[in-house]
$ cat model09.cif   # mmCIF, C-alpha atoms
data_model
loop_
_atom_site.group_PDB
_atom_site.id
_atom_site.type_symbol
_atom_site.label_atom_id
_atom_site.label_comp_id
_atom_site.auth_asym_id
_atom_site.auth_seq_id
_atom_site.Cartn_x
_atom_site.Cartn_y
_atom_site.Cartn_z
ATOM 1 C CA MET Y 1 79.348 63.062 165.806
ATOM 2 C CA ILE Y 2 82.198 62.249 163.439
ATOM 3 C CA ARG Y 3 82.483 64.609 160.491
ATOM 4 C CA ASP Y 4 83.389 63.106 157.130
ATOM 5 C CA ARG Y 5 86.203 65.263 155.761
ATOM 6 C CA SER Y 6 87.155 63.010 152.866
ATOM 7 C CA ALA Y 7 84.825 63.997 150.064
ATOM 8 C CA LYS Y 8 83.388 67.488 150.459
ATOM 9 C CA LYS Y 9 84.229 71.007 151.557
ATOM 10 C CA ILE Y 10 82.114 74.109 152.113
ATOM 11 C CA ASP Y 11 82.369 77.071 149.767
ATOM 12 C CA LYS Y 12 81.933 79.840 152.357
ATOM 13 C CA LYS Y 13 81.028 82.489 149.798
ATOM 14 C CA ALA Y 14 78.424 80.443 147.999
ATOM 15 C CA GLY Y 15 77.295 78.377 150.967
ATOM 16 C CA LYS Y 16 77.510 75.233 148.868
ATOM 17 C CA GLU Y 17 79.288 71.956 149.176
ATOM 18 C CA GLN Y 18 81.975 71.229 146.597
ATOM 19 C CA ALA Y 19 83.416 67.840 145.778
ATOM 20 C CA GLU Y 20 87.137 67.530 146.387
ATOM 21 C CA PRO Y 21 89.351 65.635 143.935
ATOM 22 C CA PRO Y 22 90.456 62.202 145.163
ATOM 23 C CA LYS Y 23 93.709 62.114 147.096
ATOM 24 C CA GLY Y 24 96.726 61.844 144.816
ATOM 25 C CA VAL Y 25 94.858 63.357 141.851
ATOM 26 C CA ILE Y 26 96.047 66.756 140.633
ATOM 27 C CA ALA Y 27 93.286 68.917 139.198
ATOM 28 C CA VAL Y 28 94.252 70.165 135.735
ATOM 29 C CA ALA Y 29 92.767 73.408 134.477
ATOM 30 C CA PRO Y 30 91.289 73.204 130.979
ATOM 31 C CA PRO Y 31 92.837 75.242 128.157
ATOM 32 C CA SER Y 32 91.683 78.852 127.955
ATOM 33 C CA PHE Y 33 90.947 81.516 125.344
ATOM 34 C CA ARG Y 34 93.146 84.015 127.203
ATOM 35 C CA ARG Y 35 95.927 84.330 124.614
ATOM 36 C CA GLU Y 36 93.502 84.612 121.729
ATOM 37 C CA ARG Y 37 91.461 87.225 123.584
ATOM 38 C CA ALA Y 38 94.569 89.325 124.283
ATOM 39 C CA LEU Y 39 95.293 89.456 120.556
ATOM 40 C CA ILE Y 40 91.693 90.297 119.720
ATOM 41 C CA LYS Y 41 91.854 93.278 122.112
ATOM 42 C CA ARG Y 42 94.848 94.515 120.103
ATOM 43 C CA GLY Y 43 92.891 94.206 116.870
ATOM 44 C CA VAL Y 44 94.594 90.993 115.738
ATOM 45 C CA TRP Y 45 92.099 88.630 114.090
ATOM 46 C CA PRO Y 46 91.666 85.888 112.880
ATOM 47 C CA VAL Y 47 93.727 83.892 115.363
ATOM 48 C CA ALA Y 48 94.265 80.180 114.695
ATOM 49 C CA GLY Y 49 95.498 77.238 116.702
ATOM 50 C CA CYS Y 50 97.150 74.247 115.044
ATOM 51 C CA ASP Y 51 98.242 70.803 116.125
ATOM 52 C CA GLU Y 52 98.975 67.414 114.623
ATOM 53 C CA ALA Y 53 98.232 63.776 115.354
ATOM 54 C CA GLY Y 54 100.319 60.762 114.434
ATOM 55 C CA ARG Y 55 104.004 61.521 114.958
ATOM 56 C CA GLY Y 56 104.661 58.293 116.825
ATOM 57 C CA PRO Y 57 102.910 55.523 114.839
ATOM 58 C CA LEU Y 58 104.641 53.043 112.550
ATOM 59 C CA ALA Y 59 101.982 53.430 109.857
ATOM 60 C CA GLY Y 60 99.715 56.033 108.333
ATOM 61 C CA PRO Y 61 100.156 59.746 107.726
ATOM 62 C CA VAL Y 62 100.599 62.636 110.096
ATOM 63 C CA VAL Y 63 97.375 64.643 110.158
ATOM 64 C CA ALA Y 64 97.577 68.367 110.927
ATOM 65 C CA ALA Y 65 94.695 70.698 111.698
ATOM 66 C CA ALA Y 66 94.268 74.453 112.019
ATOM 67 C CA VAL Y 67 91.219 75.943 113.751
ATOM 68 C CA VAL Y 68 89.850 79.465 114.138
ATOM 69 C CA LEU Y 69 87.246 79.404 116.899
ATOM 70 C CA ASP Y 70 84.282 81.757 116.935
ATOM 71 C CA PRO Y 71 84.759 83.730 120.190
ATOM 72 C CA LYS Y 72 80.987 83.825 120.693
ATOM 73 C CA ARG Y 73 80.404 80.110 120.054
ATOM 74 C CA ILE Y 74 83.257 78.156 121.620
ATOM 75 C CA PRO Y 75 81.982 74.636 122.388
ATOM 76 C CA LYS Y 76 82.157 73.740 126.064
ATOM 77 C CA GLY Y 77 84.498 70.960 127.125
ATOM 78 C CA ILE Y 78 87.286 71.473 124.586
ATOM 79 C CA ASP Y 79 90.499 70.000 125.981
ATOM 80 C CA ASP Y 80 93.705 68.323 124.916
ATOM 81 C CA SER Y 81 92.525 65.378 122.820
ATOM 82 C CA LYS Y 82 94.662 63.007 124.910
ATOM 83 C CA ARG Y 83 92.581 63.834 127.998
ATOM 84 C CA LEU Y 84 89.292 62.960 126.284
ATOM 85 C CA THR Y 85 87.600 59.665 125.565
ATOM 86 C CA ALA Y 86 87.058 58.654 121.955
ATOM 87 C CA GLU Y 87 83.326 59.263 122.363
ATOM 88 C CA ARG Y 88 83.850 62.755 123.773
ATOM 89 C CA ARG Y 89 86.324 63.604 120.993
ATOM 90 C CA GLU Y 90 83.735 62.625 118.394
ATOM 91 C CA GLU Y 91 81.104 64.823 120.053
ATOM 92 C CA LEU Y 92 83.429 67.824 120.229
ATOM 93 C CA PHE Y 93 84.648 67.219 116.677
ATOM 94 C CA GLU Y 94 81.115 67.725 115.371
ATOM 95 C CA LYS Y 95 80.603 70.844 117.504
ATOM 96 C CA ILE Y 96 83.905 72.396 116.446
ATOM 97 C CA CYS Y 97 83.170 71.702 112.786
ATOM 98 C CA ALA Y 98 79.745 73.328 113.151
ATOM 99 C CA THR Y 99 80.942 76.514 114.855
ATOM 100 C CA SER Y 100 84.506 77.128 113.664
ATOM 101 C CA SER Y 101 86.661 77.635 110.608
ATOM 102 C CA PHE Y 102 89.128 74.793 110.149
ATOM 103 C CA ALA Y 103 91.378 72.968 107.707
ATOM 104 C CA VAL Y 104 93.305 69.702 107.681
ATOM 105 C CA ALA Y 105 96.388 68.538 105.815
ATOM 106 C CA PHE Y 106 98.291 65.265 105.581
ATOM 107 C CA ALA Y 107 101.942 64.240 105.417
ATOM 108 C CA SER Y 108 102.111 60.776 103.899
ATOM 109 C CA PRO Y 109 104.454 57.978 104.990
ATOM 110 C CA ALA Y 110 106.525 58.665 101.859
ATOM 111 C CA ARG Y 111 107.053 62.284 102.867
ATOM 112 C CA ILE Y 112 107.868 61.203 106.420
ATOM 113 C CA ASP Y 113 110.460 58.778 105.032
ATOM 114 C CA ARG Y 114 111.944 61.486 102.816
ATOM 115 C CA ASP Y 115 111.973 64.462 105.190
ATOM 116 C CA ASN Y 116 111.904 62.851 108.693
ATOM 117 C CA ILE Y 117 108.946 62.957 111.035
ATOM 118 C CA LEU Y 118 109.569 66.430 112.473
ATOM 119 C CA ARG Y 119 109.946 68.191 109.139
ATOM 120 C CA ALA Y 120 106.972 66.343 107.674
ATOM 121 C CA SER Y 121 104.835 67.342 110.662
ATOM 122 C CA LEU Y 122 105.802 71.022 110.414
ATOM 123 C CA TRP Y 123 105.152 70.938 106.664
ATOM 124 C CA ALA Y 124 101.660 69.540 107.220
ATOM 125 C CA LEU Y 125 100.919 72.113 109.939
ATOM 126 C CA ALA Y 126 101.910 74.951 107.593
ATOM 127 C CA ARG Y 127 99.698 73.523 104.830
ATOM 128 C CA ALA Y 128 96.749 73.326 107.200
ATOM 129 C CA VAL Y 129 97.137 76.999 108.127
ATOM 130 C CA ARG Y 130 97.426 78.021 104.475
ATOM 131 C CA ALA Y 131 94.282 76.021 103.665
ATOM 132 C CA LEU Y 132 92.065 78.004 106.054
ATOM 133 C CA PRO Y 133 89.294 79.955 104.296
ATOM 134 C CA GLU Y 134 90.846 83.202 105.569
ATOM 135 C CA MET Y 135 94.539 83.550 106.341
ATOM 136 C CA PRO Y 136 94.956 84.192 110.087
ATOM 137 C CA LYS Y 137 96.884 87.177 111.380
ATOM 138 C CA HIS Y 138 98.384 85.039 114.145
ATOM 139 C CA VAL Y 139 98.738 81.329 114.781
ATOM 140 C CA PHE Y 140 99.544 79.342 117.908
ATOM 141 C CA VAL Y 141 101.204 75.966 117.271
ATOM 142 C CA ASP Y 142 101.703 73.168 119.760
ATOM 143 C CA GLY Y 143 105.315 72.293 120.523
ATOM 144 C CA ARG Y 144 108.751 73.904 120.386
ATOM 145 C CA ASP Y 145 108.901 74.756 116.698
ATOM 146 C CA ARG Y 146 107.264 77.561 114.778
ATOM 147 C CA ILE Y 147 105.932 76.845 111.299
ATOM 148 C CA ASP Y 148 106.448 78.492 107.936
ATOM 149 C CA ALA Y 149 103.196 80.448 107.776
ATOM 150 C CA PRO Y 150 102.562 83.902 106.241
ATOM 151 C CA CYS Y 151 101.563 85.356 109.618
ATOM 152 C CA ASP Y 152 102.923 85.785 113.126
ATOM 153 C CA CYS Y 153 103.405 82.473 114.912
ATOM 154 C CA ASP Y 154 103.977 81.457 118.519
ATOM 155 C CA ALA Y 155 105.093 77.944 119.475
ATOM 156 C CA VAL Y 156 103.587 76.898 122.810
ATOM 157 C CA ILE Y 157 105.050 73.886 124.604
ATOM 158 C CA GLY Y 158 102.138 71.840 125.928
ATOM 159 C CA GLY Y 159 99.855 74.163 123.991
ATOM 160 C CA ASP Y 160 97.084 71.613 123.544
ATOM 161 C CA GLY Y 161 96.538 71.797 127.300
ATOM 162 C CA LEU Y 162 96.884 75.586 127.540
ATOM 163 C CA VAL Y 163 95.435 77.264 124.438
ATOM 164 C CA VAL Y 164 91.872 76.323 123.566
ATOM 165 C CA SER Y 165 92.359 76.934 119.819
ATOM 166 C CA ILE Y 166 95.251 74.459 119.813
ATOM 167 C CA ALA Y 167 93.172 71.990 121.833
ATOM 168 C CA ALA Y 168 90.385 72.280 119.254
ATOM 169 C CA ALA Y 169 92.914 71.578 116.492
ATOM 170 C CA SER Y 170 94.193 68.554 118.408
ATOM 171 C CA ILE Y 171 90.664 67.132 118.443
ATOM 172 C CA ILE Y 172 90.125 67.733 114.720
ATOM 173 C CA ALA Y 173 93.493 66.157 113.880
ATOM 174 C CA LYS Y 174 93.029 63.154 116.177
ATOM 175 C CA VAL Y 175 89.494 62.284 115.084
ATOM 176 C CA THR Y 176 90.375 62.748 111.401
ATOM 177 C CA ARG Y 177 93.386 60.473 111.699
ATOM 178 C CA ASP Y 178 91.536 57.821 113.708
ATOM 179 C CA ARG Y 179 88.823 57.687 111.052
ATOM 180 C CA LEU Y 180 91.425 57.455 108.308
ATOM 181 C CA MET Y 181 93.245 54.595 110.015
ATOM 182 C CA SER Y 182 89.963 52.699 110.401
ATOM 183 C CA ALA Y 183 89.447 53.122 106.664
ATOM 184 C CA LEU Y 184 92.999 51.899 105.943
ATOM 185 C CA ALA Y 185 92.223 48.811 108.026
ATOM 186 C CA LEU Y 186 89.710 47.814 105.361
ATOM 187 C CA ASP Y 187 92.392 48.193 102.704
ATOM 188 C CA CYS Y 188 95.002 46.261 104.692
ATOM 189 C CA PRO Y 189 93.251 43.778 107.006
ATOM 190 C CA GLY Y 190 95.196 41.870 109.592
ATOM 191 C CA TYR Y 191 97.291 44.674 111.058
ATOM 192 C CA GLY Y 192 94.627 45.980 113.435
ATOM 193 C CA PHE Y 193 94.793 49.591 112.285
ATOM 194 C CA GLU Y 194 91.186 50.045 113.382
ATOM 195 C CA SER Y 195 92.137 49.469 117.022
ATOM 196 C CA HIS Y 196 95.694 50.761 117.552
ATOM 197 C CA LYS Y 197 95.689 53.363 114.722
ATOM 198 C CA GLY Y 198 99.182 52.371 113.644
ATOM 199 C CA TYR Y 199 100.969 52.829 116.967
ATOM 200 C CA ALA Y 200 103.720 50.399 117.976
ATOM 201 C CA VAL Y 201 101.677 48.332 120.433
ATOM 202 C CA PRO Y 202 102.562 44.626 120.834
ATOM 203 C CA GLU Y 203 99.684 43.479 118.613
ATOM 204 C CA HIS Y 204 100.834 45.745 115.795
ATOM 205 C CA ARG Y 205 104.463 44.691 116.059
ATOM 206 C CA GLU Y 206 103.435 41.030 116.041
ATOM 207 C CA ALA Y 207 101.324 41.554 112.904
ATOM 208 C CA LEU Y 208 104.153 43.497 111.272
ATOM 209 C CA ASP Y 209 106.584 40.657 111.973
ATOM 210 C CA ARG Y 210 104.071 38.083 110.715
ATOM 211 C CA LEU Y 211 102.775 39.855 107.604
ATOM 212 C CA GLY Y 212 105.575 42.240 106.685
ATOM 213 C CA PRO Y 213 105.089 45.954 106.032
ATOM 214 C CA SER Y 214 102.114 47.284 104.109
ATOM 215 C CA ILE Y 215 102.158 50.215 101.709
ATOM 216 C CA HIS Y 216 100.956 52.375 104.613
ATOM 217 C CA HIS Y 217 103.949 51.700 106.868
ATOM 218 C CA ARG Y 218 106.755 54.207 107.390
ATOM 219 C CA ARG Y 219 109.703 52.549 105.727
ATOM 220 C CA PHE Y 220 112.492 53.904 107.920
ATOM 221 C CA PHE Y 221 111.017 53.395 111.387
ATOM 222 C CA ALA Y 222 113.117 50.687 113.058
ATOM 223 C CA PRO Y 223 110.439 47.957 113.501
ATOM 224 C CA VAL Y 224 109.389 48.423 109.866
ATOM 225 C CA ILE Y 225 112.999 48.108 108.677
ATOM 226 C CA ALA Y 226 113.300 44.860 110.626
ATOM 227 C CA ALA Y 227 110.118 43.499 109.069
ATOM 228 C CA ARG Y 228 111.269 44.481 105.581
ATOM 229 C CA LEU Y 229 114.598 42.741 106.104
ATOM 230 C CA LYS Y 230 112.719 39.602 107.077
ATOM 231 C CA HIS Y 231 110.062 39.581 104.330
ATOM 232 C CA TYR Y 232 111.481 41.668 101.475
ATOM 233 C CA PRO Y 233 115.273 41.886 101.852
ATOM 234 C CA GLU Y 234 115.697 42.759 98.175
ATOM 235 C CA THR Y 235 113.703 46.009 98.607
ATOM 236 C CA VAL Y 236 115.678 47.491 101.465
ATOM 237 C CA GLU Y 237 117.943 49.525 99.199
ATOM 238 C CA GLU Y 238 115.160 50.715 96.874
ATOM 239 C CA THR Y 239 114.605 54.427 96.438
ATOM 240 C CA ILE Y 240 111.718 56.097 98.215
ATOM 241 C CA GLU Y 241 108.491 56.235 96.258
ATOM 242 C CA PRO Y 242 107.009 59.651 95.341
ATOM 243 C CA ASP Y 243 104.868 61.312 97.981
ATOM 244 C CA LEU Y 244 101.278 60.532 97.041
ATOM 245 C CA PHE Y 245 100.043 63.451 99.121
ATOM 246 C CA ALA Y 246 102.266 66.049 97.459
ATOM 247 C CA VAL Y 247 100.695 68.593 95.124
ATOM 248 C CA ASP Y 248 102.624 70.381 92.410
ATOM 249 C CA GLU Y 249 102.830 74.144 92.695
ATOM 250 C CA GLU Y 250 100.878 74.573 89.439
ATOM 251 C CA VAL Y 251 97.939 72.512 90.625
ATOM 252 C CA THR Y 252 95.238 74.544 92.331
ATOM 253 C CA SER Y 253 93.395 71.672 93.973
ATOM 254 C CA ASP Y 254 94.644 70.628 97.393
ATOM 255 C CA ILE Y 255 94.089 67.606 99.536
ATOM 256 C CA SER Y 256 93.662 69.954 102.467
ATOM 257 C CA ALA Y 257 90.027 70.393 103.381
ATOM 258 C CA ALA Y 258 88.556 73.602 104.672
ATOM 259 C CA ILE Y 259 85.115 74.539 105.879
#

$ encode --input "model09.cif" --output "structure tokens"
Amino acid sequence: MIRDRSAKKIDKKAGKEQAEPPKGVIAVAPPSFRRERALIKRGVWPVAGCDEAGRGPLAGPVVAAAVVLDPKRIPKGIDDSKRLTAERREELFEKICATSSFAVAFASPARIDRDNILRASLWALARAVRALPEMPKHVFVDGRDRIDAPCDCDAVIGGDGLVVSIAAASIIAKVTRDRLMSALALDCPGYGFESHKGYAVPEHREALDRLGPSIHHRRFFAPVIAARLKHYPETVEETIEPDLFAVDEEVTSDISAAI
């Protein structure tokens, strides 16, 4: 008898067969609640995770999210949004919204043009944290840079794949931005925002070259500059328009949303 060794192995302790990952595929552990739990044991709570979506696109805002998960009701399957299908992200988005405290904030293309993409992203992340219903005692942020928040902050490189609160924030930010870009597609048809969400895919660059930039494009990203030179050369030296997403210090209302 020839034994098939390719697909299964025996778990000696459980006496059960377990499927092995295909050859050449590295199994990736999902993000955990370990760091949050360590803080909770020290009496530190609430603990938030925050992440953003939309640093790379040529159009649309950066969307930042901050999430405080309920330790007793963490939805199963939360992972880095980039590892999930659009359908699974939508499902988890609804579950996270139903069981967690969260907030979102936006950095518009005008702010990105004025401050640069990194500073605009960190600004939006800080606004999302400040918009939470209760200010966290500690926040984990994805990436190398800490944010200006009135609490302790740890930057975690690759955090959306390691810290489940950051992963939850990545899902909220990604789904929110995807929905927004689909709405902007109705305002500016022809660019395909509903499909590529503003990223610099060939179809988007072709539309940008053919139609010229829209009001939602980031003026100082290289392909947008090239399109402006072609279609509107007289506007290249114009000053940057005011940031439509900015809120004066005196104004109490905020575009950030919190539940």

$ resolve_selection --input "model09.cif" --expression "the PyMOL selection byres ((chain Y and resi 84) around 12)" --output "JSON, numbers by chain"
{"Y": [30, 77, 78, 79, 80, 81, 82, 83, 85, 86, 87, 88, 89, 90, 91, 92, 93, 160, 161, 167, 168, 170, 171, 174, 175]}

$ residues_around --input "model09.cif" --residues "Val164 of chain Y" --least-positions-apart "6" --cutoff "6 Å" --atoms "only C-alpha atoms" --output "ChimeraX atom specification"
/Y:31-33

$ resolve_selection --input "model09.cif" --expression "the PyMOL selection byres ((chain Y and resi 208) around 12)" --output "number ranges by chain"
Y: 58-59, 188-193, 198-207, 209-219, 222-231

$ write_last_selection --input "model09.cif" --atoms "C-alpha atoms" --output "PDB file, in the coordinates of the input"
ATOM      1  CA  LEU Y  58     104.641  53.043 112.550  1.00  0.00           C
ATOM      2  CA  ALA Y  59     101.982  53.430 109.857  1.00  0.00           C
ATOM      3  CA  CYS Y 188      95.002  46.261 104.692  1.00  0.00           C
ATOM      4  CA  PRO Y 189      93.251  43.778 107.006  1.00  0.00           C
ATOM      5  CA  GLY Y 190      95.196  41.870 109.592  1.00  0.00           C
ATOM      6  CA  TYR Y 191      97.291  44.674 111.058  1.00  0.00           C
ATOM      7  CA  GLY Y 192      94.627  45.980 113.435  1.00  0.00           C
ATOM      8  CA  PHE Y 193      94.793  49.591 112.285  1.00  0.00           C
ATOM      9  CA  GLY Y 198      99.182  52.371 113.644  1.00  0.00           C
ATOM     10  CA  TYR Y 199     100.969  52.829 116.967  1.00  0.00           C
ATOM     11  CA  ALA Y 200     103.720  50.399 117.976  1.00  0.00           C
ATOM     12  CA  VAL Y 201     101.677  48.332 120.433  1.00  0.00           C
ATOM     13  CA  PRO Y 202     102.562  44.626 120.834  1.00  0.00           C
ATOM     14  CA  GLU Y 203      99.684  43.479 118.613  1.00  0.00           C
ATOM     15  CA  HIS Y 204     100.834  45.745 115.795  1.00  0.00           C
ATOM     16  CA  ARG Y 205     104.463  44.691 116.059  1.00  0.00           C
ATOM     17  CA  GLU Y 206     103.435  41.030 116.041  1.00  0.00           C
ATOM     18  CA  ALA Y 207     101.324  41.554 112.904  1.00  0.00           C
ATOM     19  CA  ASP Y 209     106.584  40.657 111.973  1.00  0.00           C
ATOM     20  CA  ARG Y 210     104.071  38.083 110.715  1.00  0.00           C
ATOM     21  CA  LEU Y 211     102.775  39.855 107.604  1.00  0.00           C
ATOM     22  CA  GLY Y 212     105.575  42.240 106.685  1.00  0.00           C
ATOM     23  CA  PRO Y 213     105.089  45.954 106.032  1.00  0.00           C
ATOM     24  CA  SER Y 214     102.114  47.284 104.109  1.00  0.00           C
ATOM     25  CA  ILE Y 215     102.158  50.215 101.709  1.00  0.00           C
ATOM     26  CA  HIS Y 216     100.956  52.375 104.613  1.00  0.00           C
ATOM     27  CA  HIS Y 217     103.949  51.700 106.868  1.00  0.00           C
ATOM     28  CA  ARG Y 218     106.755  54.207 107.390  1.00  0.00           C
ATOM     29  CA  ARG Y 219     109.703  52.549 105.727  1.00  0.00           C
ATOM     30  CA  ALA Y 222     113.117  50.687 113.058  1.00  0.00           C
ATOM     31  CA  PRO Y 223     110.439  47.957 113.501  1.00  0.00           C
ATOM     32  CA  VAL Y 224     109.389  48.423 109.866  1.00  0.00           C
ATOM     33  CA  ILE Y 225     112.999  48.108 108.677  1.00  0.00           C
ATOM     34  CA  ALA Y 226     113.300  44.860 110.626  1.00  0.00           C
ATOM     35  CA  ALA Y 227     110.118  43.499 109.069  1.00  0.00           C
ATOM     36  CA  ARG Y 228     111.269  44.481 105.581  1.00  0.00           C
ATOM     37  CA  LEU Y 229     114.598  42.741 106.104  1.00  0.00           C
ATOM     38  CA  LYS Y 230     112.719  39.602 107.077  1.00  0.00           C
ATOM     39  CA  HIS Y 231     110.062  39.581 104.330  1.00  0.00           C
TER      40      HIS Y 231
END

$ residues_around --input "model09.cif" --residues "Ser182 of chain Y" --least-positions-apart "4" --cutoff "9 Å" --atoms "only C-alpha atoms" --output "list in words"
Arg177, Asp178, Leu186, Gly192, Phe193, Glu194, Ser195 and Lys197 of chain Y

$ atom_distance --input "model09.cif" --atom1 "atom CA of Asp152 of chain Y" --atom2 "atom CA of Ala126 of chain Y"
12.2 Å

$ residues_near_point --input "model09.cif" --point "(79.9, 76.5, 119.3)" --cutoff "7 Å" --atoms "only C-alpha atoms" --output "CSV table (one decimal) with C-alpha atoms, in the coordinates of the input"
chain,number,residue,atom,x,y,z
Y,73,ARG,CA,80.4,80.1,120.1
Y,74,ILE,CA,83.3,78.2,121.6
Y,75,PRO,CA,82.0,74.6,122.4
Y,95,LYS,CA,80.6,70.8,117.5
Y,96,ILE,CA,83.9,72.4,116.4
Y,98,ALA,CA,79.7,73.3,113.2
Y,99,THR,CA,80.9,76.5,114.9

$ atom_distance --input "model09.cif" --atom1 "atom CA of Ala173 of chain Y" --atom2 "atom CA of Ala53 of chain Y"
5.5 Å

$ closest_residue --input "model09.cif" --among "Y:Asp115, Y:Asp154, Y:Asp145, Y:Asp187" --to "Gly49 of chain Y" --atoms "all atoms listed in the file"
Y:Asp154

$ closest_residue --input "model09.cif" --among "Y:Ala48, Y:Asp70, Y:Leu132, Y:Ser108" --to "Cys153 of chain Y" --atoms "all atoms listed in the file"
Y:Ala48

$ resolve_selection --input "model09.cif" --expression "the PyMOL selection byres ((chain Y and resi 64) around 8)" --output "count of residues only"
17

$ closest_residue --input "model09.cif" --among "Y:Trp123, Y:Phe140, Y:Phe221, Y:Tyr232" --to "Arg111 of chain Y" --atoms "only C-alpha atoms"
Y:Trp123

$ atom_distance --input "model09.cif" --atom1 "atom CA of Arg35 of chain Y" --atom2 "atom CA of Ile157 of chain Y"
13.9 Å

$ closest_residue --input "model09.cif" --among "Y:Ile117, Y:Val163, Y:Val28, Y:Val129" --to "Pro150 of chain Y" --atoms "only C-alpha atoms"
Y:Val129

$ residues_around --input "model09.cif" --residues "Met135 of chain Y" --least-positions-apart "4" --cutoff "10 Å" --atoms "only C-alpha atoms" --output "PyMOL selection string"
chain Y and resi 45-48+68+129-131+139+149-151

$ write_last_selection --input "model09.cif" --atoms "C-alpha atoms" --output "CSV table (one decimal), in the frame of the given file"
chain,number,residue,atom,x,y,z
Y,45,TRP,CA,92.1,88.6,114.1
Y,46,PRO,CA,91.7,85.9,112.9
Y,47,VAL,CA,93.7,83.9,115.4
Y,48,ALA,CA,94.3,80.2,114.7
Y,68,VAL,CA,89.8,79.5,114.1
Y,129,VAL,CA,97.1,77.0,108.1
Y,130,ARG,CA,97.4,78.0,104.5
Y,131,ALA,CA,94.3,76.0,103.7
Y,139,VAL,CA,98.7,81.3,114.8
Y,149,ALA,CA,103.2,80.4,107.8
Y,150,PRO,CA,102.6,83.9,106.2
Y,151,CYS,CA,101.6,85.4,109.6
